[in-house]
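Undergrad: What follows is my_file36.tsv, made up of TSV, C-alpha atoms:
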chain	number	residue	atom	x	y	z
A	1	MET	CA	0.00	0.00	0.00
A	2	SER	CA	2.67	2.50	1.03
A	3	GLN	CA	4.67	1.45	-2.04
A	4	THR	CA	1.67	2.47	-4.17
A	5	LEU	CA	1.45	5.83	-2.39
A	6	ILE	CA	5.16	6.47	-2.99
A	7	SER	CA	4.75	5.62	-6.69
A	8	LEU	CA	1.74	7.96	-6.93
A	9	ALA	CA	3.73	10.74	-5.25
A	10	VAL	CA	6.77	10.29	-7.53
A	11	ILE	CA	4.63	10.21	-10.70
A	12	TYR	CA	2.56	13.27	-9.86
A	13	VAL	CA	5.42	15.42	-8.53
A	14	GLN	CA	7.14	14.91	-11.90
A	15	LEU	CA	3.94	15.66	-13.80
A	16	SER	CA	3.38	18.80	-11.73
A	17	LEU	CA	6.77	20.20	-12.68
A	18	ILE	CA	6.55	19.47	-16.42
A	19	ALA	CA	2.92	20.53	-16.96
A	20	PHE	CA	3.83	23.44	-19.25
A	21	GLY	CA	0.58	24.55	-20.89
A	22	GLY	CA	-1.68	23.21	-18.14
A	23	GLY	CA	-3.37	19.96	-17.19
A	24	ASN	CA	-4.24	18.55	-20.60
A	25	THR	CA	-0.61	18.38	-21.70
A	26	ILE	CA	0.22	15.75	-19.04
A	27	LEU	CA	-2.78	13.51	-19.75
A	28	PRO	CA	-0.86	11.15	-22.12
A	29	GLU	CA	1.93	10.61	-19.55
A	30	MET	CA	-0.67	10.09	-16.81
A	31	HIS	CA	-2.37	7.49	-19.03
A	32	ARG	CA	0.96	5.80	-19.83
A	33	GLN	CA	1.96	5.58	-16.14
A	34	VAL	CA	-1.42	4.61	-14.68
A	35	VAL	CA	-2.56	2.18	-17.42
A	36	ASP	CA	0.55	0.84	-19.23
A	37	VAL	CA	3.33	1.00	-16.62
A	38	GLN	CA	1.61	0.48	-13.25
A	39	HIS	CA	-1.52	-1.40	-14.51
A	40	TRP	CA	-3.64	0.33	-11.86
A	41	MET	CA	-6.69	0.49	-14.14
A	42	SER	CA	-7.90	-0.19	-17.68
A	43	SER	CA	-7.80	2.44	-20.40
A	44	THR	CA	-11.61	2.47	-20.33
A	45	ASP	CA	-11.68	3.24	-16.59
A	46	PHE	CA	-9.09	5.99	-17.14
A	47	ALA	CA	-11.24	7.58	-19.85
A	48	ALA	CA	-14.33	7.26	-17.63
A	49	LEU	CA	-12.57	9.03	-14.74
A	50	TYR	CA	-11.42	11.76	-17.11
A	51	ALA	CA	-15.02	12.20	-18.29
A	52	LEU	CA	-16.28	12.41	-14.69
A	53	ALA	CA	-13.73	15.10	-13.93
A	54	GLN	CA	-14.85	17.03	-17.02
A	55	ALA	CA	-18.43	16.94	-15.75
A	56	ALA	CA	-17.38	18.53	-12.44
A	57	PRO	CA	-16.66	22.26	-12.05
A	58	GLY	CA	-13.23	23.65	-11.25
A	59	PRO	CA	-9.72	23.38	-12.72
A	60	ASN	CA	-9.22	20.83	-15.50
A	61	MET	CA	-6.82	18.76	-13.38
A	62	MET	CA	-9.53	17.33	-11.11
A	63	VAL	CA	-9.04	13.90	-12.71
A	64	VAL	CA	-5.86	13.63	-10.61
A	65	PRO	CA	-7.44	13.34	-7.12
A	66	LEU	CA	-10.01	10.99	-8.66
A	67	ILE	CA	-7.27	8.68	-9.96
A	68	GLY	CA	-5.53	8.80	-6.57
A	69	TRP	CA	-8.78	7.84	-4.85
A	70	GLN	CA	-9.46	5.02	-7.32
A	71	VAL	CA	-5.94	3.61	-6.91
A	72	ALA	CA	-5.37	3.97	-3.15
A	73	GLY	CA	-8.49	5.37	-1.47
A	74	TRP	CA	-8.48	8.54	0.64
A	75	ALA	CA	-4.72	8.41	1.23
A	76	GLY	CA	-4.22	8.16	-2.54
A	77	MET	CA	-6.45	11.16	-3.11
A	78	LEU	CA	-4.52	13.23	-0.56
A	79	VAL	CA	-1.12	12.18	-1.94
A	80	THR	CA	-1.97	12.86	-5.59
A	81	THR	CA	-3.61	16.20	-4.76
A	82	LEU	CA	-0.56	17.41	-2.82
A	83	ALA	CA	1.86	15.97	-5.39
A	84	VAL	CA	0.22	17.54	-8.44
A	85	PHE	CA	-0.69	20.96	-7.02
A	86	GLY	CA	2.14	21.43	-4.50
A	87	PRO	CA	5.38	21.58	-6.52
A	88	SER	CA	4.03	23.84	-9.29
A	89	SER	CA	2.50	26.14	-6.67
A	90	ILE	CA	5.78	26.40	-4.75
A	91	LEU	CA	7.52	27.16	-8.05
A	92	THR	CA	4.96	29.91	-8.69
A	93	VAL	CA	5.69	31.46	-5.27
A	94	ILE	CA	9.44	31.40	-5.97
A	95	ALA	CA	8.95	32.86	-9.45
A	96	LEU	CA	6.72	35.67	-8.18
A	97	ARG	CA	9.31	36.63	-5.58
A	98	ALA	CA	11.90	36.80	-8.39
A	99	TRP	CA	9.30	38.50	-10.63
A	100	ARG	CA	11.62	41.19	-12.02
A	101	ARG	CA	13.91	38.67	-13.69
A	102	PHE	CA	10.92	36.90	-15.22
A	103	GLN	CA	9.67	40.17	-16.64
A	104	HIS	CA	12.64	40.36	-18.97
A	105	PRO	CA	10.64	40.11	-22.16
A	106	THR	CA	13.10	38.70	-24.70
A	107	TRP	CA	14.01	35.34	-23.19
A	108	ARG	CA	10.67	34.81	-21.54
A	109	GLN	CA	8.94	35.29	-24.89
A	110	ALA	CA	11.47	33.02	-26.58
A	111	ILE	CA	10.75	30.26	-24.07
A	112	GLN	CA	7.00	30.75	-24.37
A	113	ALA	CA	7.11	30.71	-28.18
A	114	GLY	CA	9.23	27.55	-28.10
A	115	LEU	CA	6.91	25.74	-25.68
A	116	ALA	CA	3.69	26.60	-27.58
A	117	PRO	CA	4.03	24.01	-30.39
A	118	ILE	CA	5.00	21.35	-27.81
A	119	SER	CA	1.76	22.06	-25.93
A	120	VAL	CA	-0.18	21.63	-29.17
A	121	GLY	CA	1.46	18.24	-29.81
A	122	LEU	CA	0.70	17.14	-26.24
A	123	VAL	CA	-2.94	18.22	-26.21
A	124	ALA	CA	-3.44	16.56	-29.61
A	125	SER	CA	-1.90	13.38	-28.12
A	126	SER	CA	-4.36	13.58	-25.22
A	127	ALA	CA	-7.23	13.89	-27.69
A	128	LEU	CA	-6.07	10.85	-29.70
A	129	ILE	CA	-5.42	8.63	-26.66
A	130	ILE	CA	-8.76	9.37	-25.00
A	131	SER	CA	-10.74	9.18	-28.28
A	132	ARG	CA	-9.14	5.86	-29.22
A	133	THR	CA	-10.25	4.43	-25.89
A	134	VAL	CA	-13.82	5.70	-25.80
A	135	ASP	CA	-14.84	5.64	-29.48
A	136	ARG	CA	-15.30	1.87	-29.77
A	137	GLU	CA	-18.65	2.20	-31.60
A	138	TRP	CA	-19.57	4.56	-34.41
A	139	VAL	CA	-22.11	6.31	-32.19
A	140	PHE	CA	-19.35	7.35	-29.76
A	141	ALA	CA	-17.14	8.56	-32.59
A	142	ALA	CA	-20.12	10.60	-33.80
A	143	ILE	CA	-20.60	12.10	-30.31
A	144	THR	CA	-16.90	13.00	-30.10
A	145	ALA	CA	-16.90	14.57	-33.57
A	146	GLY	CA	-20.19	16.42	-32.96
A	147	ARG	CA	-18.96	17.72	-29.63
A	148	ALA	CA	-15.66	18.90	-31.13
A	149	LEU	CA	-17.39	20.65	-34.04
A	150	ALA	CA	-19.93	22.31	-31.73
A	151	ALA	CA	-17.14	23.58	-29.47
A	152	ILE	CA	-15.21	25.00	-32.43
A	153	ARG	CA	-18.17	26.50	-34.30
A	154	THR	CA	-20.63	27.57	-31.58
A	155	LYS	CA	-20.68	29.04	-28.10
A	156	VAL	CA	-22.88	26.37	-26.51
A	157	HIS	CA	-21.95	25.85	-22.85
A	158	PRO	CA	-19.64	22.80	-22.39
A	159	LEU	CA	-21.90	21.34	-19.72
A	160	TRP	CA	-24.85	21.12	-22.15
A	161	MET	CA	-22.70	19.27	-24.65
A	162	LEU	CA	-21.53	16.79	-22.00
A	163	ALA	CA	-25.18	16.31	-20.96
A	164	ALA	CA	-26.17	15.68	-24.59
A	165	GLY	CA	-23.42	13.05	-24.92
A	166	ALA	CA	-24.52	11.37	-21.68
A	167	ALA	CA	-28.19	11.42	-22.81
A	168	ILE	CA	-27.40	9.83	-26.20
A	169	GLY	CA	-25.32	7.22	-24.40
A	170	TRP	CA	-28.15	6.51	-21.91
A	171	THR	CA	-30.53	5.46	-24.71
A	172	GLY	CA	-28.08	2.72	-25.68
A	173	PHE	CA	-28.55	3.72	-29.32
A	174	GLY	CA	-25.91	2.18	-31.59
A	175	GLN	CA	-24.23	0.28	-28.74
B	176	MET	CA	-18.80	55.00	-16.06
B	177	THR	CA	-16.19	53.51	-13.80
B	178	THR	CA	-12.53	53.89	-14.63
B	179	ILE	CA	-10.40	50.78	-15.09
B	180	ASP	CA	-8.13	51.61	-12.21
B	181	THR	CA	-10.66	51.79	-9.39
B	182	LYS	CA	-9.64	49.01	-7.11
B	183	ALA	CA	-11.37	47.67	-4.03
B	184	PRO	CA	-9.44	47.57	-0.73
B	185	ALA	CA	-7.03	44.61	-0.48
B	186	PRO	CA	-8.91	41.43	0.50
B	187	GLY	CA	-8.09	39.43	3.63
B	188	THR	CA	-7.31	35.71	3.71
B	189	ALA	CA	-10.92	34.72	4.51
B	190	GLU	CA	-12.26	36.81	1.63
B	191	ILE	CA	-9.69	35.28	-0.75
B	192	PHE	CA	-10.82	31.80	0.36
B	193	ARG	CA	-14.49	32.67	-0.17
B	194	GLY	CA	-13.84	34.17	-3.61
B	195	PHE	CA	-11.95	31.14	-4.90
B	196	LEU	CA	-14.41	28.71	-3.28
B	197	ILE	CA	-17.23	30.27	-5.31
B	198	LEU	CA	-15.03	30.23	-8.40
B	199	GLY	CA	-14.32	26.50	-8.00
B	200	LEU	CA	-17.98	25.75	-7.42
B	201	THR	CA	-19.28	27.66	-10.45
B	202	GLY	CA	-16.46	27.18	-12.98
B	203	PHE	CA	-17.90	24.58	-15.33
B	204	GLY	CA	-15.87	23.97	-18.49
B	205	GLY	CA	-12.99	26.33	-17.78
B	206	VAL	CA	-12.48	28.61	-14.80
B	207	LEU	CA	-10.31	31.25	-16.44
B	208	PRO	CA	-12.99	33.53	-18.01
B	209	LEU	CA	-14.94	33.45	-14.73
B	210	ALA	CA	-11.77	34.18	-12.77
B	211	ARG	CA	-11.13	37.32	-14.78
B	212	HIS	CA	-14.72	38.45	-14.26
B	213	MET	CA	-14.54	37.93	-10.50
B	214	ILE	CA	-11.04	39.33	-9.93
B	215	VAL	CA	-11.12	42.35	-12.25
B	216	GLU	CA	-14.75	43.34	-12.66
B	217	GLN	CA	-16.72	42.02	-9.73
B	218	ARG	CA	-14.39	42.15	-6.70
B	219	ARG	CA	-11.85	44.55	-8.30
B	220	TRP	CA	-8.83	42.99	-6.59
B	221	LEU	CA	-6.62	43.66	-9.65
B	222	THR	CA	-6.77	46.02	-12.61
B	223	ALA	CA	-7.13	44.50	-16.08
B	224	THR	CA	-3.43	45.11	-16.78
B	225	GLU	CA	-2.31	43.59	-13.49
B	226	PHE	CA	-4.49	40.56	-14.22
B	227	THR	CA	-3.01	40.07	-17.71
B	228	ASP	CA	0.57	40.45	-16.43
B	229	THR	CA	0.01	37.97	-13.61
B	230	LEU	CA	-1.72	35.51	-15.93
B	231	SER	CA	1.07	35.59	-18.50
B	232	LEU	CA	3.63	34.66	-15.83
B	233	CYS	CA	1.31	31.88	-14.62
B	234	GLN	CA	0.97	30.52	-18.16
B	235	PHE	CA	4.73	30.51	-18.48
B	236	LEU	CA	5.20	28.36	-15.37
B	237	PRO	CA	4.32	24.63	-15.19
B	238	GLY	CA	1.06	23.58	-13.55
B	239	GLY	CA	-2.56	24.50	-14.15
B	240	ASN	CA	-2.85	28.17	-15.18
B	241	ILE	CA	-5.76	28.80	-12.85
B	242	ILE	CA	-4.00	27.04	-9.95
B	243	ASN	CA	-0.91	29.23	-10.44
B	244	LEU	CA	-3.11	32.30	-10.76
B	245	SER	CA	-4.84	31.57	-7.46
B	246	VAL	CA	-1.41	31.14	-5.79
B	247	ALA	CA	-0.22	34.44	-7.27
B	248	ILE	CA	-3.27	36.40	-6.13
B	249	GLY	CA	-3.35	34.91	-2.63
B	250	LEU	CA	0.38	35.56	-2.24
B	251	ARG	CA	0.06	39.14	-3.41
B	252	PHE	CA	-2.46	40.13	-0.73
B	253	THR	CA	-1.72	38.05	2.36
B	254	GLY	CA	1.43	36.05	1.61
B	255	ILE	CA	1.70	32.27	1.99
B	256	ALA	CA	-1.55	32.10	4.02
B	257	GLY	CA	-3.39	33.79	1.15
B	258	ALA	CA	-1.82	31.49	-1.44
B	259	LEU	CA	-2.91	28.42	0.55
B	260	ALA	CA	-6.40	29.85	1.12
B	261	ALA	CA	-6.79	30.53	-2.60
B	262	VAL	CA	-5.67	27.10	-3.82
B	263	ILE	CA	-7.58	25.17	-1.16
B	264	GLY	CA	-10.66	27.31	-1.79
B	265	LEU	CA	-10.39	26.68	-5.53
B	266	ILE	CA	-10.09	22.89	-5.38
B	267	ALA	CA	-12.19	22.07	-2.26
B	268	ALA	CA	-15.63	21.99	-3.88
B	269	PRO	CA	-14.51	20.33	-7.17
B	270	ILE	CA	-12.79	17.51	-5.21
B	271	VAL	CA	-15.99	16.78	-3.26
B	272	ILE	CA	-18.08	16.83	-6.46
B	273	VAL	CA	-15.64	14.73	-8.48
B	274	LEU	CA	-15.49	12.11	-5.69
B	275	ALA	CA	-19.28	12.03	-5.46
B	276	LEU	CA	-19.42	11.36	-9.22
B	277	GLY	CA	-16.72	8.70	-8.78
B	278	LEU	CA	-18.77	6.98	-6.07
B	279	VAL	CA	-21.85	6.99	-8.32
B	280	TYR	CA	-19.80	5.51	-11.15
B	281	ALA	CA	-18.30	2.80	-8.89
B	282	ARG	CA	-21.70	1.95	-7.36
B	283	PHE	CA	-23.68	1.69	-10.61
B	284	ARG	CA	-21.06	0.56	-13.09
B	285	SER	CA	-22.84	-2.78	-13.60
B	286	GLU	CA	-26.14	-1.12	-14.62
B	287	PRO	CA	-26.31	-1.15	-18.43
B	288	HIS	CA	-27.98	2.28	-18.68
B	289	VAL	CA	-25.36	3.86	-16.43
B	290	VAL	CA	-22.52	2.21	-18.36
B	291	HIS	CA	-24.04	3.53	-21.60
B	292	MET	CA	-24.49	7.00	-20.12
B	293	PHE	CA	-20.90	7.21	-18.91
B	294	ALA	CA	-19.68	5.93	-22.31
B	295	GLY	CA	-21.59	8.79	-23.98
B	296	LEU	CA	-20.22	11.26	-21.44
B	297	ALA	CA	-16.67	10.04	-22.08
B	298	ALA	CA	-17.14	10.39	-25.85
B	299	ALA	CA	-18.31	13.99	-25.36
B	300	ALA	CA	-15.36	14.72	-23.05
B	301	ALA	CA	-13.01	13.36	-25.75
B	302	GLY	CA	-14.64	15.78	-28.20
B	303	GLN	CA	-13.76	18.65	-25.90
B	304	LEU	CA	-10.10	17.62	-26.03
B	305	VAL	CA	-10.24	17.41	-29.83
B	306	SER	CA	-11.68	20.94	-30.04
B	307	MET	CA	-9.04	22.22	-27.64
B	308	ALA	CA	-6.26	20.72	-29.75
B	309	VAL	CA	-7.72	22.31	-32.90
B	310	LYS	CA	-8.10	25.73	-31.25
B	311	LEU	CA	-4.51	25.64	-29.94
B	312	ALA	CA	-3.18	24.49	-33.32
B	313	LEU	CA	-4.91	27.19	-35.43
B	314	PRO	CA	-2.50	30.04	-34.53
B	315	LEU	CA	0.41	27.84	-35.71
B	316	ARG	CA	-0.97	27.29	-39.22
B	317	ARG	CA	1.36	29.81	-40.89
B	318	LYS	CA	4.43	28.67	-38.98
B	319	PRO	CA	5.96	25.60	-40.70
B	320	LEU	CA	8.60	25.11	-37.99
B	321	ALA	CA	5.99	25.10	-35.21
B	322	ILE	CA	3.87	22.60	-37.17
B	323	VAL	CA	6.85	20.26	-37.53
B	324	ILE	CA	7.64	20.50	-33.80
B	325	ALA	CA	3.99	19.84	-32.85
B	326	LEU	CA	3.89	16.81	-35.20
B	327	VAL	CA	7.15	15.38	-33.84
B	328	VAL	CA	5.91	15.71	-30.24
B	329	PHE	CA	2.56	14.18	-31.26
B	330	ALA	CA	4.33	11.21	-32.91
B	331	ALA	CA	6.64	10.69	-29.94
B	332	ILE	CA	3.86	10.74	-27.33
B	333	ALA	CA	0.71	9.50	-29.08
B	334	VAL	CA	2.20	7.02	-31.58
B	335	PHE	CA	5.43	5.78	-29.99
B	336	HIS	CA	4.27	6.26	-26.36
B	337	LEU	CA	7.61	7.70	-25.26
B	338	PRO	CA	7.80	8.90	-21.64
B	339	LEU	CA	7.11	12.62	-21.24
B	340	VAL	CA	10.05	13.68	-19.02
B	341	PRO	CA	12.89	12.70	-21.41
B	342	THR	CA	10.79	13.84	-24.39
B	343	MET	CA	10.41	17.29	-22.82
B	344	LEU	CA	14.10	17.45	-21.84
B	345	VAL	CA	15.02	16.97	-25.51
B	346	ALA	CA	12.15	18.76	-27.25
B	347	ALA	CA	11.89	21.90	-25.09
B	348	PRO	CA	15.46	23.23	-25.49
B	349	LEU	CA	15.53	22.31	-29.21
B	350	SER	CA	12.17	23.95	-29.84
B	351	ILE	CA	13.08	27.11	-27.91
B	352	TYR	CA	16.40	27.35	-29.76
B	353	ALA	CA	14.91	26.69	-33.21
B	354	THR	CA	11.95	29.04	-32.66
B	355	SER	CA	14.16	31.92	-31.48
B	356	LYS	CA	16.51	31.41	-34.46
B	357	ALA	CA	13.56	31.42	-36.86
B	358	VAL	CA	12.30	34.74	-35.47
B	359	ALA	CA	15.72	36.40	-35.43
Take the structure in this file and express it as structure tokens.
TA:
Amino acid sequence: MSQTLISLAVIYVQLSLIAFGGGNTILPEMHRQVVDVQHWMSSTDFAALYALAQAAPGPNMMVVPLIGWQVAGWAGMLVTTLAVFGPSSILTVIALRAWRRFQHPTWRQAIQAGLAPISVGLVASSALIISRTVDREWVFAAITAGRALAAIRTKVHPLWMLAAGAAIGWTGFGQ
Amino acid sequence: MTTIDTKAPAPGTAEIFRGFLILGLTGFGGVLPLARHMIVEQRRWLTATEFTDTLSLCQFLPGGNIINLSVAIGLRFTGIAGALAAVIGLIAAPIVIVLALGLVYARFRSEPHVVHMFAGLAAAAAGQLVSMAVKLALPLRRKPLAIVIALVVFAAIAVFHLPLVPTMLVAAPLSIYATSKAVA
């Protein structure tokens, strides 16, 4: 049990410190560690937990405490929460105290410009990995595509689109 | 008409906690637009310029942008206590809600209708990720170098399943170097 908690802590501290571009860039590595390396859950369960977290309000990293809870109960939830939010927050405190140096526009902009395409590649990877897991039937692929198009083309609230997906799923149509 | 620079008096730790608690509770599908509304327009803790400056530093650092932003704002007004109050306030309600959903899923996962419903929900959540990837990629469409870098990272992570830490250690310095050379 404590070995599991240590593994969770090590994985999420690392993820916290390399999450440039926010939570969705570390989703593929989370999936790789939790499903492929540690075999804590199936890819389907991982995608389901991600979907649950999307249905909840708040920051888009809320899948992390949920995974911790699924893997190792309350202790797992506490460990993953501290591990994923702690290190990056401490880094933010340090950076703010050294704020002047970070305001130097040239190298900060260079770093930001260099990291932007990496974020794109990582978020696209997240999209592929999650879609590949959940879109086992054509009806799910249609929901994913419809949802993506609606989000790009319209301003419908995300929660309504999640509800629509859940409702279509509920009917069992095409499954 | 109010001017942009009218600011409210500096908030205390309890007020910071309350503000971010409400933000966490109401921020469905992205907290950032709501955060700006609350911090700049509603509670007037920061001016629009201060908000943008703080946010751009937070986006530069690793970690969730909104998490870093809450740390920055808490720290600014009441130091470490404020930073803790802001982060805990922000994630407290979402953790309770996400665990409640997790319990429902665990309890009813053998019911066919519930399994179907969660499958539909997951498909819709995947669609959100697809749209996010498209929206992030659009500004790169006239930058061939950036497209190549994004494709290489995508291949490494999504196709070859390489671990992220070594991939970032190689890709980040190369990308920063190549991008700065291309601009210069």
Undergrad: How far is it from atom CA of B:Val262 to atom CA of B:Arg218, in Å with one decimal?
TA: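 Between atom CA of B:Val262 and atom CA of B:Arg218 the gap works out to 17.6 Å.
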Undergrad: Find the residues in chain B near chain A: any atom within 6 Å counts, using all atoms listed in the file. Write them as a tab-separated table (two decimals) with C-alpha atoms, keeping the file's coordinate frame.
TA:
chain	number	residue	atom	x	y	z
B	199	GLY	CA	-14.32	26.50	-8.00
B	200	LEU	CA	-17.98	25.75	-7.42
B	202	GLY	CA	-16.46	27.18	-12.98
B	203	PHE	CA	-17.90	24.58	-15.33
B	204	GLY	CA	-15.87	23.97	-18.49
B	237	PRO	CA	4.32	24.63	-15.19
B	238	GLY	CA	1.06	23.58	-13.55
B	239	GLY	CA	-2.56	24.50	-14.15
B	240	ASN	CA	-2.85	28.17	-15.18
B	243	ASN	CA	-0.91	29.23	-10.44
B	269	PRO	CA	-14.51	20.33	-7.17
B	273	VAL	CA	-15.64	14.73	-8.48
B	288	HIS	CA	-27.98	2.28	-18.68
B	291	HIS	CA	-24.04	3.53	-21.60
B	292	MET	CA	-24.49	7.00	-20.12
B	295	GLY	CA	-21.59	8.79	-23.98
B	296	LEU	CA	-20.22	11.26	-21.44
B	297	ALA	CA	-16.67	10.04	-22.08
B	298	ALA	CA	-17.14	10.39	-25.85
B	299	ALA	CA	-18.31	13.99	-25.36
B	300	ALA	CA	-15.36	14.72	-23.05
B	301	ALA	CA	-13.01	13.36	-25.75
B	302	GLY	CA	-14.64	15.78	-28.20
B	303	GLN	CA	-13.76	18.65	-25.90
B	304	LEU	CA	-10.10	17.62	-26.03
B	305	VAL	CA	-10.24	17.41	-29.83
B	306	SER	CA	-11.68	20.94	-30.04
B	308	ALA	CA	-6.26	20.72	-29.75
B	311	LEU	CA	-4.51	25.64	-29.94
B	312	ALA	CA	-3.18	24.49	-33.32
B	321	ALA	CA	5.99	25.10	-35.21
B	325	ALA	CA	3.99	19.84	-32.85
B	328	VAL	CA	5.91	15.71	-30.24
B	329	PHE	CA	2.56	14.18	-31.26
B	333	ALA	CA	0.71	9.50	-29.08
B	339	LEU	CA	7.11	12.62	-21.24
B	350	SER	CA	12.17	23.95	-29.84
B	351	ILE	CA	13.08	27.11	-27.91
B	354	THR	CA	11.95	29.04	-32.66
B	355	SER	CA	14.16	31.92	-31.48
Undergrad: Compile the contact shell of B:Thr224 as a list in words: residues with an atom at most 12 Å away, counting all atoms listed in the file, same-chain residues fewer than 3 positions apart removed.
TA: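 My list of contacting residues is Ile179, Asp180, Arg211, Ile214, Val215, Arg219, Trp220, Leu221, Thr227, Asp228, Thr229, Leu230 and Ser231 of chain B.
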Undergrad: Under the rule that all atoms listed in the file are counted, which of A:Val79, A:Gly68, A:Trp40, A:Val10 is the nearest residue to B:Leu274?
TA: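 Between A:Val79, A:Gly68, A:Trp40, A:Val10, the residue approaching B:Leu274 most closely is A:Gly68.
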Undergrad: Could you check the closest approach to B:Ile332 for each of B:Leu313, B:Cys233, B:Ala210, B:Ala346 and tell me which residue wins, using only C-alpha atoms?
TA: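 Once distances to B:Ile332 are computed over only C-alpha atoms, the minimum belongs to B:Ala346.
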Undergrad: To one decimal place, how far is atom CA of B:Ala294 from atom CA of A:Ser43 in Å?
TA: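 Separating atom CA of B:Ala294 from atom CA of A:Ser43 is a distance of 12.5 Å.
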Undergrad: Would you list the contacts of B:Ala258 as a ChimeraX atom specification, taking every protein, DNA or RNA residue within 7 Å and counting all atoms listed in the file, but skipping same-chain residues closer than 4 positions in sequence?
TA: /B:245-250,254,262
Undergrad: So which residues fall inside 10 Å of (-4.0, 32.7, 4.7) if we count all atoms listed in the file? Mind giving them as a PyMOL selection string?
TA: chain B and resi 187-192+249-250+252-261
Undergrad: With distances taken over only C-alpha atoms, which residue among B:Leu244, B:Ala357, B:Leu209, B:Ala267 lies nearest B:Lys318?
TA: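 Ranked by minimum distance to B:Lys318, first place goes to B:Ala357.
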Undergrad: Draw an axis-aligned box tight on the listed atoms of stretch 51-70 of chain A, then pad every side by 3 Å and write out centre and edge lengths in Å to one decimal as AutoDock Vina command-line options.
TA:
--center_x -12.0 --center_y 14.3 --center_z -11.6 --size_x 18.9 --size_y 24.6 --size_z 19.4
Undergrad: When you draw a straight line from atom CA of B:Ile266 to atom CA of B:Leu207, how long is it in Å?
TA: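 Computing it gives 13.9 Å between the two atoms.
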Undergrad: For each of A:Leu5, A:Val35, A:Val71, A:Ser42, take the minimum atom-to-atom distance to B:His336, counting only C-alpha atoms, then give the residue where this is smallest.
TA: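 Between A:Leu5, A:Val35, A:Val71, A:Ser42, the residue approaching B:His336 most closely is A:Val35.
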